[in-house]
file query_10.cif (mmCIF, N, CA and C atoms)
data_final
loop_
_atom_site.label_atom_id
_atom_site.label_comp_id
_atom_site.auth_asym_id
_atom_site.auth_seq_id
_atom_site.Cartn_x
_atom_site.Cartn_y
_atom_site.Cartn_z
N MET A 1 -4.16 -0.87 -5.50
CA MET A 1 -3.99 0.55 -5.71
C MET A 1 -2.79 0.71 -6.62
N ALA A 2 -3.01 1.27 -7.79
CA ALA A 2 -1.93 1.33 -8.77
C ALA A 2 -1.83 2.70 -9.42
N ILE A 3 -0.59 3.11 -9.62
CA ILE A 3 -0.26 4.23 -10.49
C ILE A 3 0.81 3.68 -11.43
N ASN A 4 0.47 3.54 -12.69
CA ASN A 4 1.41 3.06 -13.70
C ASN A 4 1.50 4.14 -14.77
N ALA A 5 2.46 5.04 -14.63
CA ALA A 5 2.59 6.17 -15.56
C ALA A 5 3.36 5.74 -16.80
N GLY A 6 2.81 6.02 -17.97
CA GLY A 6 3.46 5.80 -19.25
C GLY A 6 3.24 7.03 -20.13
N ASP A 7 3.68 6.98 -21.38
CA ASP A 7 3.46 8.05 -22.35
C ASP A 7 4.01 9.40 -21.91
N ALA A 8 5.13 9.41 -21.20
CA ALA A 8 5.78 10.64 -20.74
C ALA A 8 4.90 11.45 -19.79
N ASN A 9 3.92 10.81 -19.17
CA ASN A 9 3.04 11.49 -18.22
C ASN A 9 3.72 11.68 -16.87
N THR A 10 3.30 12.73 -16.18
CA THR A 10 3.68 12.97 -14.79
C THR A 10 2.43 12.81 -13.94
N VAL A 11 2.55 12.04 -12.87
CA VAL A 11 1.45 11.86 -11.92
C VAL A 11 1.95 12.41 -10.59
N ARG A 12 1.17 13.30 -9.96
CA ARG A 12 1.61 13.89 -8.69
C ARG A 12 0.41 14.17 -7.79
N ASP A 13 0.73 14.28 -6.49
CA ASP A 13 -0.26 14.67 -5.48
C ASP A 13 -1.44 13.70 -5.42
N VAL A 14 -1.13 12.43 -5.17
CA VAL A 14 -2.14 11.38 -5.06
C VAL A 14 -2.21 10.94 -3.60
N THR A 15 -3.43 10.78 -3.07
CA THR A 15 -3.62 10.29 -1.71
C THR A 15 -4.65 9.16 -1.71
N TRP A 16 -4.30 8.05 -1.05
CA TRP A 16 -5.25 6.99 -0.71
C TRP A 16 -5.34 7.00 0.81
N ARG A 17 -6.54 7.09 1.35
CA ARG A 17 -6.69 7.19 2.80
C ARG A 17 -7.89 6.34 3.24
N ARG A 18 -7.73 5.68 4.41
CA ARG A 18 -8.78 4.85 5.01
C ARG A 18 -9.28 3.79 4.03
N VAL A 19 -8.37 2.90 3.66
CA VAL A 19 -8.68 1.83 2.71
C VAL A 19 -8.60 0.49 3.43
N ARG A 20 -9.61 -0.34 3.23
CA ARG A 20 -9.62 -1.71 3.76
C ARG A 20 -9.61 -2.66 2.58
N ILE A 21 -8.68 -3.61 2.59
CA ILE A 21 -8.55 -4.55 1.48
C ILE A 21 -8.79 -5.95 2.02
N GLU A 22 -9.80 -6.61 1.47
CA GLU A 22 -10.13 -7.98 1.85
C GLU A 22 -9.17 -8.95 1.16
N ARG A 23 -9.17 -10.18 1.61
CA ARG A 23 -8.34 -11.21 0.99
C ARG A 23 -8.67 -11.31 -0.50
N PHE A 24 -7.63 -11.52 -1.31
CA PHE A 24 -7.84 -11.72 -2.74
C PHE A 24 -6.89 -12.80 -3.22
N LEU A 25 -7.15 -13.31 -4.42
CA LEU A 25 -6.43 -14.48 -4.90
C LEU A 25 -5.21 -14.16 -5.75
N HIS A 26 -5.19 -13.02 -6.41
CA HIS A 26 -4.06 -12.74 -7.30
C HIS A 26 -3.90 -11.22 -7.45
N GLY A 27 -2.67 -10.75 -7.36
CA GLY A 27 -2.39 -9.34 -7.58
C GLY A 27 -1.57 -8.72 -6.47
N ARG A 28 -1.42 -7.40 -6.58
CA ARG A 28 -0.65 -6.62 -5.62
C ARG A 28 -1.56 -5.64 -4.90
N VAL A 29 -1.23 -5.35 -3.67
CA VAL A 29 -1.94 -4.31 -2.93
C VAL A 29 -1.55 -2.94 -3.48
N LEU A 30 -0.27 -2.75 -3.74
CA LEU A 30 0.26 -1.46 -4.15
C LEU A 30 1.21 -1.65 -5.33
N ASP A 31 1.02 -0.86 -6.38
CA ASP A 31 1.89 -0.92 -7.56
C ASP A 31 2.06 0.51 -8.07
N ILE A 32 3.20 1.12 -7.72
CA ILE A 32 3.48 2.50 -8.12
C ILE A 32 4.75 2.48 -8.96
N GLU A 33 4.59 2.65 -10.28
CA GLU A 33 5.74 2.52 -11.19
C GLU A 33 5.60 3.45 -12.39
N THR A 34 6.73 4.04 -12.79
CA THR A 34 6.81 4.60 -14.13
C THR A 34 7.19 3.42 -15.02
N LYS A 35 6.46 3.26 -16.12
CA LYS A 35 6.62 2.06 -16.96
C LYS A 35 6.73 2.43 -18.43
N TRP A 36 7.19 1.44 -19.17
CA TRP A 36 7.18 1.55 -20.62
C TRP A 36 6.76 0.21 -21.19
N ASN A 37 5.53 0.13 -21.63
CA ASN A 37 5.03 -1.04 -22.33
C ASN A 37 5.04 -0.68 -23.81
N LYS A 38 6.00 -1.19 -24.54
CA LYS A 38 6.22 -0.77 -25.93
C LYS A 38 5.02 -1.06 -26.84
N ASP A 39 4.15 -1.98 -26.43
CA ASP A 39 2.95 -2.26 -27.23
C ASP A 39 1.91 -1.15 -27.12
N TYR A 40 1.93 -0.39 -26.03
CA TYR A 40 0.89 0.61 -25.78
C TYR A 40 1.41 2.03 -25.57
N ASN A 41 2.67 2.18 -25.17
CA ASN A 41 3.21 3.49 -24.82
C ASN A 41 4.39 3.84 -25.72
N PRO A 42 4.35 5.01 -26.38
CA PRO A 42 5.51 5.40 -27.19
C PRO A 42 6.74 5.73 -26.35
N ARG A 43 6.51 6.10 -25.08
CA ARG A 43 7.62 6.45 -24.18
C ARG A 43 7.26 6.01 -22.76
N PRO A 44 8.27 5.89 -21.89
CA PRO A 44 7.97 5.59 -20.48
C PRO A 44 7.34 6.80 -19.79
N GLY A 45 6.73 6.55 -18.65
CA GLY A 45 6.20 7.65 -17.84
C GLY A 45 7.33 8.55 -17.37
N ARG A 46 7.08 9.84 -17.29
CA ARG A 46 8.12 10.80 -16.92
C ARG A 46 8.43 10.76 -15.43
N LEU A 47 7.39 10.81 -14.57
CA LEU A 47 7.62 10.98 -13.14
C LEU A 47 6.35 10.67 -12.36
N ILE A 48 6.52 10.08 -11.18
CA ILE A 48 5.46 9.99 -10.18
C ILE A 48 6.02 10.62 -8.92
N LYS A 49 5.27 11.55 -8.31
CA LYS A 49 5.78 12.20 -7.10
C LYS A 49 4.65 12.61 -6.16
N ARG A 50 5.01 12.74 -4.89
CA ARG A 50 4.11 13.16 -3.81
C ARG A 50 2.88 12.26 -3.73
N VAL A 51 3.13 11.02 -3.30
CA VAL A 51 2.06 10.04 -3.10
C VAL A 51 1.97 9.73 -1.61
N LEU A 52 0.76 9.73 -1.07
CA LEU A 52 0.51 9.37 0.32
C LEU A 52 -0.45 8.18 0.35
N VAL A 53 -0.01 7.13 1.03
CA VAL A 53 -0.85 5.95 1.28
C VAL A 53 -1.02 5.91 2.80
N GLU A 54 -2.25 6.17 3.28
CA GLU A 54 -2.44 6.35 4.72
C GLU A 54 -3.65 5.57 5.23
N ASP A 55 -3.45 4.94 6.40
CA ASP A 55 -4.51 4.20 7.09
C ASP A 55 -5.08 3.11 6.19
N VAL A 56 -4.21 2.17 5.83
CA VAL A 56 -4.59 1.02 5.00
C VAL A 56 -4.49 -0.24 5.84
N ASP A 57 -5.50 -1.09 5.78
CA ASP A 57 -5.50 -2.36 6.50
C ASP A 57 -5.77 -3.47 5.50
N VAL A 58 -4.80 -4.38 5.37
CA VAL A 58 -4.85 -5.45 4.39
C VAL A 58 -5.08 -6.78 5.09
N ALA A 59 -6.06 -7.54 4.63
CA ALA A 59 -6.24 -8.92 5.07
C ALA A 59 -5.43 -9.78 4.11
N SER A 60 -4.35 -10.37 4.58
CA SER A 60 -3.42 -11.11 3.73
C SER A 60 -4.12 -12.25 3.00
N GLY A 61 -3.77 -12.43 1.73
CA GLY A 61 -4.34 -13.49 0.91
C GLY A 61 -3.26 -14.44 0.42
N SER A 62 -3.65 -15.62 0.02
CA SER A 62 -2.68 -16.65 -0.35
C SER A 62 -2.00 -16.38 -1.69
N GLY A 63 -2.65 -15.69 -2.61
CA GLY A 63 -2.06 -15.46 -3.93
C GLY A 63 -1.51 -14.07 -4.13
N GLU A 64 -1.33 -13.34 -3.06
CA GLU A 64 -0.86 -11.96 -3.17
C GLU A 64 0.59 -11.92 -3.62
N GLU A 65 0.88 -11.02 -4.56
CA GLU A 65 2.25 -10.78 -5.01
C GLU A 65 2.81 -9.59 -4.25
N PRO A 66 4.14 -9.50 -4.11
CA PRO A 66 4.71 -8.35 -3.39
C PRO A 66 4.35 -7.03 -4.07
N SER A 67 4.02 -6.05 -3.26
CA SER A 67 3.77 -4.71 -3.78
C SER A 67 5.10 -4.11 -4.22
N ILE A 68 5.03 -3.12 -5.12
CA ILE A 68 6.27 -2.54 -5.64
C ILE A 68 6.13 -1.03 -5.82
N ILE A 69 7.22 -0.34 -5.51
CA ILE A 69 7.37 1.09 -5.78
C ILE A 69 8.71 1.23 -6.50
N ALA A 70 8.69 1.63 -7.79
CA ALA A 70 9.94 1.67 -8.56
C ALA A 70 9.80 2.59 -9.77
N GLY A 71 10.92 3.19 -10.16
CA GLY A 71 10.98 3.98 -11.37
C GLY A 71 11.50 3.15 -12.53
N TYR A 72 11.20 3.60 -13.74
CA TYR A 72 11.65 2.88 -14.94
C TYR A 72 13.17 2.94 -15.08
N ASP A 73 13.73 4.14 -14.93
CA ASP A 73 15.18 4.33 -14.92
C ASP A 73 15.45 5.66 -14.21
N ALA A 74 16.72 6.07 -14.17
CA ALA A 74 17.07 7.29 -13.43
C ALA A 74 16.38 8.54 -13.99
N GLY A 75 16.08 8.55 -15.26
CA GLY A 75 15.41 9.69 -15.88
C GLY A 75 13.90 9.67 -15.75
N HIS A 76 13.36 8.57 -15.22
CA HIS A 76 11.91 8.39 -15.08
C HIS A 76 11.61 7.80 -13.70
N PRO A 77 11.84 8.59 -12.63
CA PRO A 77 11.79 8.06 -11.27
C PRO A 77 10.40 8.13 -10.62
N VAL A 78 10.36 7.56 -9.44
CA VAL A 78 9.25 7.74 -8.50
C VAL A 78 9.86 8.44 -7.30
N ARG A 79 9.23 9.53 -6.83
CA ARG A 79 9.79 10.33 -5.74
C ARG A 79 8.74 10.66 -4.68
N ASP A 80 9.21 10.75 -3.46
CA ASP A 80 8.42 11.29 -2.35
C ASP A 80 7.11 10.50 -2.14
N VAL A 81 7.27 9.24 -1.74
CA VAL A 81 6.13 8.39 -1.42
C VAL A 81 6.15 8.11 0.08
N THR A 82 5.03 8.36 0.75
CA THR A 82 4.90 8.07 2.17
C THR A 82 3.82 7.03 2.38
N VAL A 83 4.18 5.95 3.07
CA VAL A 83 3.22 4.93 3.49
C VAL A 83 3.09 5.09 5.00
N ARG A 84 1.90 5.45 5.47
CA ARG A 84 1.70 5.77 6.88
C ARG A 84 0.53 4.95 7.44
N ASP A 85 0.74 4.39 8.62
CA ASP A 85 -0.31 3.62 9.30
C ASP A 85 -0.83 2.49 8.42
N PHE A 86 0.10 1.67 7.94
CA PHE A 86 -0.21 0.51 7.09
C PHE A 86 -0.26 -0.72 7.97
N LYS A 87 -1.33 -1.48 7.87
CA LYS A 87 -1.49 -2.67 8.72
C LYS A 87 -1.72 -3.90 7.87
N ARG A 88 -1.22 -5.02 8.38
CA ARG A 88 -1.51 -6.33 7.79
C ARG A 88 -2.24 -7.14 8.85
N ASP A 89 -3.43 -7.56 8.52
CA ASP A 89 -4.24 -8.35 9.47
C ASP A 89 -4.35 -7.64 10.81
N GLY A 90 -4.48 -6.31 10.76
CA GLY A 90 -4.66 -5.51 11.97
C GLY A 90 -3.39 -5.15 12.71
N VAL A 91 -2.23 -5.65 12.25
CA VAL A 91 -0.95 -5.41 12.93
C VAL A 91 -0.19 -4.30 12.19
N PRO A 92 0.20 -3.22 12.89
CA PRO A 92 0.95 -2.14 12.24
C PRO A 92 2.28 -2.63 11.67
N CYS A 93 2.63 -2.11 10.50
CA CYS A 93 3.88 -2.46 9.83
C CYS A 93 4.88 -1.32 10.02
N ALA A 94 6.02 -1.62 10.60
CA ALA A 94 7.05 -0.61 10.86
C ALA A 94 8.10 -0.55 9.76
N ASP A 95 8.08 -1.52 8.84
CA ASP A 95 9.06 -1.53 7.75
C ASP A 95 8.41 -2.10 6.49
N PHE A 96 9.09 -1.89 5.37
CA PHE A 96 8.55 -2.34 4.09
C PHE A 96 8.45 -3.85 3.99
N ALA A 97 9.39 -4.58 4.56
CA ALA A 97 9.35 -6.05 4.49
C ALA A 97 8.08 -6.58 5.15
N THR A 98 7.75 -6.07 6.32
CA THR A 98 6.55 -6.51 7.03
C THR A 98 5.29 -6.12 6.25
N ALA A 99 5.32 -4.98 5.59
CA ALA A 99 4.18 -4.52 4.81
C ALA A 99 4.03 -5.28 3.50
N GLY A 100 5.08 -6.01 3.09
CA GLY A 100 5.03 -6.73 1.82
C GLY A 100 5.25 -5.83 0.62
N ILE A 101 6.04 -4.77 0.84
CA ILE A 101 6.31 -3.78 -0.21
C ILE A 101 7.79 -3.80 -0.56
N THR A 102 8.08 -3.93 -1.85
CA THR A 102 9.45 -3.86 -2.35
C THR A 102 9.68 -2.46 -2.92
N VAL A 103 10.73 -1.80 -2.44
CA VAL A 103 11.12 -0.52 -3.01
C VAL A 103 12.24 -0.82 -4.00
N GLY A 104 11.94 -0.66 -5.27
CA GLY A 104 12.88 -1.02 -6.32
C GLY A 104 13.78 0.13 -6.72
N PRO A 105 14.49 -0.05 -7.81
CA PRO A 105 15.41 0.98 -8.27
C PRO A 105 14.66 2.23 -8.73
N ASN A 106 15.38 3.34 -8.68
CA ASN A 106 14.90 4.63 -9.16
C ASN A 106 13.66 5.13 -8.42
N ALA A 107 13.58 4.75 -7.14
CA ALA A 107 12.56 5.28 -6.23
C ALA A 107 13.30 6.04 -5.14
N GLN A 108 12.98 7.32 -4.98
CA GLN A 108 13.70 8.19 -4.05
C GLN A 108 12.74 8.76 -3.01
N ASP A 109 13.25 8.94 -1.80
CA ASP A 109 12.47 9.51 -0.70
C ASP A 109 11.18 8.73 -0.46
N VAL A 110 11.33 7.41 -0.36
CA VAL A 110 10.20 6.52 -0.07
C VAL A 110 10.33 6.10 1.38
N ARG A 111 9.27 6.28 2.16
CA ARG A 111 9.35 6.00 3.60
C ARG A 111 8.07 5.34 4.09
N ILE A 112 8.23 4.61 5.20
CA ILE A 112 7.08 4.02 5.87
C ILE A 112 7.07 4.52 7.31
N GLU A 113 5.90 4.91 7.77
CA GLU A 113 5.72 5.43 9.13
C GLU A 113 4.62 4.63 9.80
N ALA A 114 4.95 4.02 10.93
CA ALA A 114 3.95 3.19 11.64
C ALA A 114 2.92 4.05 12.32
#

call {"tool": "encode", "arguments": {"input": "query_10.cif", "output": "structure tokens"}}
result
Amino acid sequence: MAINAGDANTVRDVTWRRVRIERFLHGRVLDIETKWNKDYNPRPGRLIKRVLVEDVDVASGSGEEPSIIAGYDAGHPVRDVTVRDFKRDGVPCADFATAGITVGPNAQDVRIEA
């Protein structure tokens, strides 16, 4: 599940609910970032805000990379992300470390609720 905002875009009011993810070999479960890929985007994404990730159950895979929630810089943040009822292999995750999610710089009001 990815939101990668570029080109000065704003992404808001996104909900993922009741998602089951089977084992996979390569990639991230969650990737929410304002980005700037200079080959494709004239500017970084402006803002991502009000994202809800709810009732997700992940079957852990061997090649999974850590999920990430991060803004490009202070002027291009990610705000107000709620991860609720996130499970790994059927076990509820009470914190980001257990969920395999890294909250990076320029991400504000990001929370996990078991």

call {"tool": "residues_near_point", "arguments": {"input": "query_10.cif", "point": "(-2.9, -0.9, -6.8)", "cutoff": "5 Å", "atoms": "all atoms listed in the file", "output": "list of chain:residue names"}}
result
A:Met1, A:Ala2, A:Val29, A:Leu30, A:Asp31

call {"tool": "closest_atom_pairs", "arguments": {"input": "query_10.cif", "of": "region 3-90 of chain A", "to": "region 94-113 of chain A", "cutoff": "8 Å", "atoms": "only C-alpha atoms", "output": "Markdown table"}}
result
| residue | atom | partner | partner_atom | distance |
| --- | --- | --- | --- | --- |
| A:Leu30 | CA | A:Ile101 | CA | 7.6 |
| A:Pro66 | CA | A:Gly100 | CA | 5.5 |
| A:Ser67 | CA | A:Ile101 | CA | 4.5 |
| A:Ile68 | CA | A:Thr102 | CA | 4.8 |
| A:Ile69 | CA | A:Val103 | CA | 4.9 |
| A:Ala70 | CA | A:Gly104 | CA | 4.6 |
| A:Gly71 | CA | A:Asn106 | CA | 4.5 |
| A:Tyr72 | CA | A:Asn106 | CA | 6.9 |
| A:Asp73 | CA | A:Asn106 | CA | 5.8 |
| A:Ala74 | CA | A:Asn106 | CA | 5.5 |
| A:His76 | CA | A:Asn106 | CA | 7.6 |
| A:Pro77 | CA | A:Asn106 | CA | 5.1 |
| A:Val78 | CA | A:Ala107 | CA | 4.7 |
| A:Arg79 | CA | A:Gln108 | CA | 4.8 |
| A:Asp80 | CA | A:Asp109 | CA | 4.7 |
| A:Val81 | CA | A:Val110 | CA | 4.7 |
| A:Thr82 | CA | A:Arg111 | CA | 5.1 |
| A:Val83 | CA | A:Ile112 | CA | 4.6 |
| A:Arg84 | CA | A:Glu113 | CA | 4.6 |
| A:Asp85 | CA | A:Glu113 | CA | 6.3 |
| A:Phe86 | CA | A:Ala99 | CA | 7.1 |
| A:Lys87 | CA | A:Ala99 | CA | 7.1 |
| A:Arg88 | CA | A:Ala99 | CA | 6.7 |

call {"tool": "resolve_selection", "arguments": {"input": "query_10.cif", "expression": "the PyMOL selection byres ((chain A and resi 5) around 7)", "output": "PyMOL selection string"}}
result
chain A and resi 3-4+6-11+32-36+44-47

call {"tool": "write_last_selection", "arguments": {"input": "query_10.cif", "atoms": "N, CA and C atoms", "output": "JSON list (two decimals), keeping the file's coordinate frame"}}
result
[["chain", "number", "residue", "atom", "x", "y", "z"],
["A", 3, "ILE", "N", -0.59, 3.11, -9.62],
["A", 3, "ILE", "CA", -0.26, 4.23, -10.49],
["A", 3, "ILE", "C", 0.81, 3.68, -11.43],
["A", 4, "ASN", "N", 0.47, 3.54, -12.69],
["A", 4, "ASN", "CA", 1.41, 3.06, -13.70],
["A", 4, "ASN", "C", 1.50, 4.14, -14.77],
["A", 6, "GLY", "N", 2.81, 6.02, -17.97],
["A", 6, "GLY", "CA", 3.46, 5.80, -19.25],
["A", 6, "GLY", "C", 3.24, 7.03, -20.13],
["A", 7, "ASP", "N", 3.68, 6.98, -21.38],
["A", 7, "ASP", "CA", 3.46, 8.05, -22.35],
["A", 7, "ASP", "C", 4.01, 9.40, -21.91],
["A", 8, "ALA", "N", 5.13, 9.41, -21.20],
["A", 8, "ALA", "CA", 5.78, 10.64, -20.74],
["A", 8, "ALA", "C", 4.90, 11.45, -19.79],
["A", 9, "ASN", "N", 3.92, 10.81, -19.17],
["A", 9, "ASN", "CA", 3.04, 11.49, -18.22],
["A", 9, "ASN", "C", 3.72, 11.68, -16.87],
["A", 10, "THR", "N", 3.30, 12.73, -16.18],
["A", 10, "THR", "CA", 3.68, 12.97, -14.79],
["A", 10, "THR", "C", 2.43, 12.81, -13.94],
["A", 11, "VAL", "N", 2.55, 12.04, -12.87],
["A", 11, "VAL", "CA", 1.45, 11.86, -11.92],
["A", 11, "VAL", "C", 1.95, 12.41, -10.59],
["A", 32, "ILE", "N", 3.20, 1.12, -7.72],
["A", 32, "ILE", "CA", 3.48, 2.50, -8.12],
["A", 32, "ILE", "C", 4.75, 2.48, -8.96],
["A", 33, "GLU", "N", 4.59, 2.65, -10.28],
["A", 33, "GLU", "CA", 5.74, 2.52, -11.19],
["A", 33, "GLU", "C", 5.60, 3.45, -12.39],
["A", 34, "THR", "N", 6.73, 4.04, -12.79],
["A", 34, "THR", "CA", 6.81, 4.60, -14.13],
["A", 34, "THR", "C", 7.19, 3.42, -15.02],
["A", 35, "LYS", "N", 6.46, 3.26, -16.12],
["A", 35, "LYS", "CA", 6.62, 2.06, -16.96],
["A", 35, "LYS", "C", 6.73, 2.43, -18.43],
["A", 36, "TRP", "N", 7.19, 1.44, -19.17],
["A", 36, "TRP", "CA", 7.18, 1.55, -20.62],
["A", 36, "TRP", "C", 6.76, 0.21, -21.19],
["A", 44, "PRO", "N", 8.27, 5.89, -21.89],
["A", 44, "PRO", "CA", 7.97, 5.59, -20.48],
["A", 44, "PRO", "C", 7.34, 6.80, -19.79],
["A", 45, "GLY", "N", 6.73, 6.55, -18.65],
["A", 45, "GLY", "CA", 6.20, 7.65, -17.84],
["A", 45, "GLY", "C", 7.33, 8.55, -17.37],
["A", 46, "ARG", "N", 7.08, 9.84, -17.29],
["A", 46, "ARG", "CA", 8.12, 10.80, -16.92],
["A", 46, "ARG", "C", 8.43, 10.76, -15.43],
["A", 47, "LEU", "N", 7.39, 10.81, -14.57],
["A", 47, "LEU", "CA", 7.62, 10.98, -13.14],
["A", 47, "LEU", "C", 6.35, 10.67, -12.36]]

call {"tool": "residues_around", "arguments": {"input": "query_10.cif", "residues": "Glu54 (chain A)", "least_positions_apart": "2", "cutoff": "5 Å", "atoms": "only N, CA and C atoms", "output": "VMD selection string"}}
result
chain A and resid 16 to 18 52 56 84

call {"tool": "atom_distance", "arguments": {"input": "query_10.cif", "atom1": "atom C of Asp55 (chain A)", "atom2": "atom C of Arg12 (chain A)"}}
result
18.7 Å

call {"tool": "select_by_dssp", "arguments": {"input": "query_10.cif", "residues": "chain A", "states": "strand (DSSP E or B)", "output": "ChimeraX atom specification"}}
result
/A:2-6,10-21,27,31-34,44,47-58,64,67-70,73,76,78-88,91-92,101-103,107-113
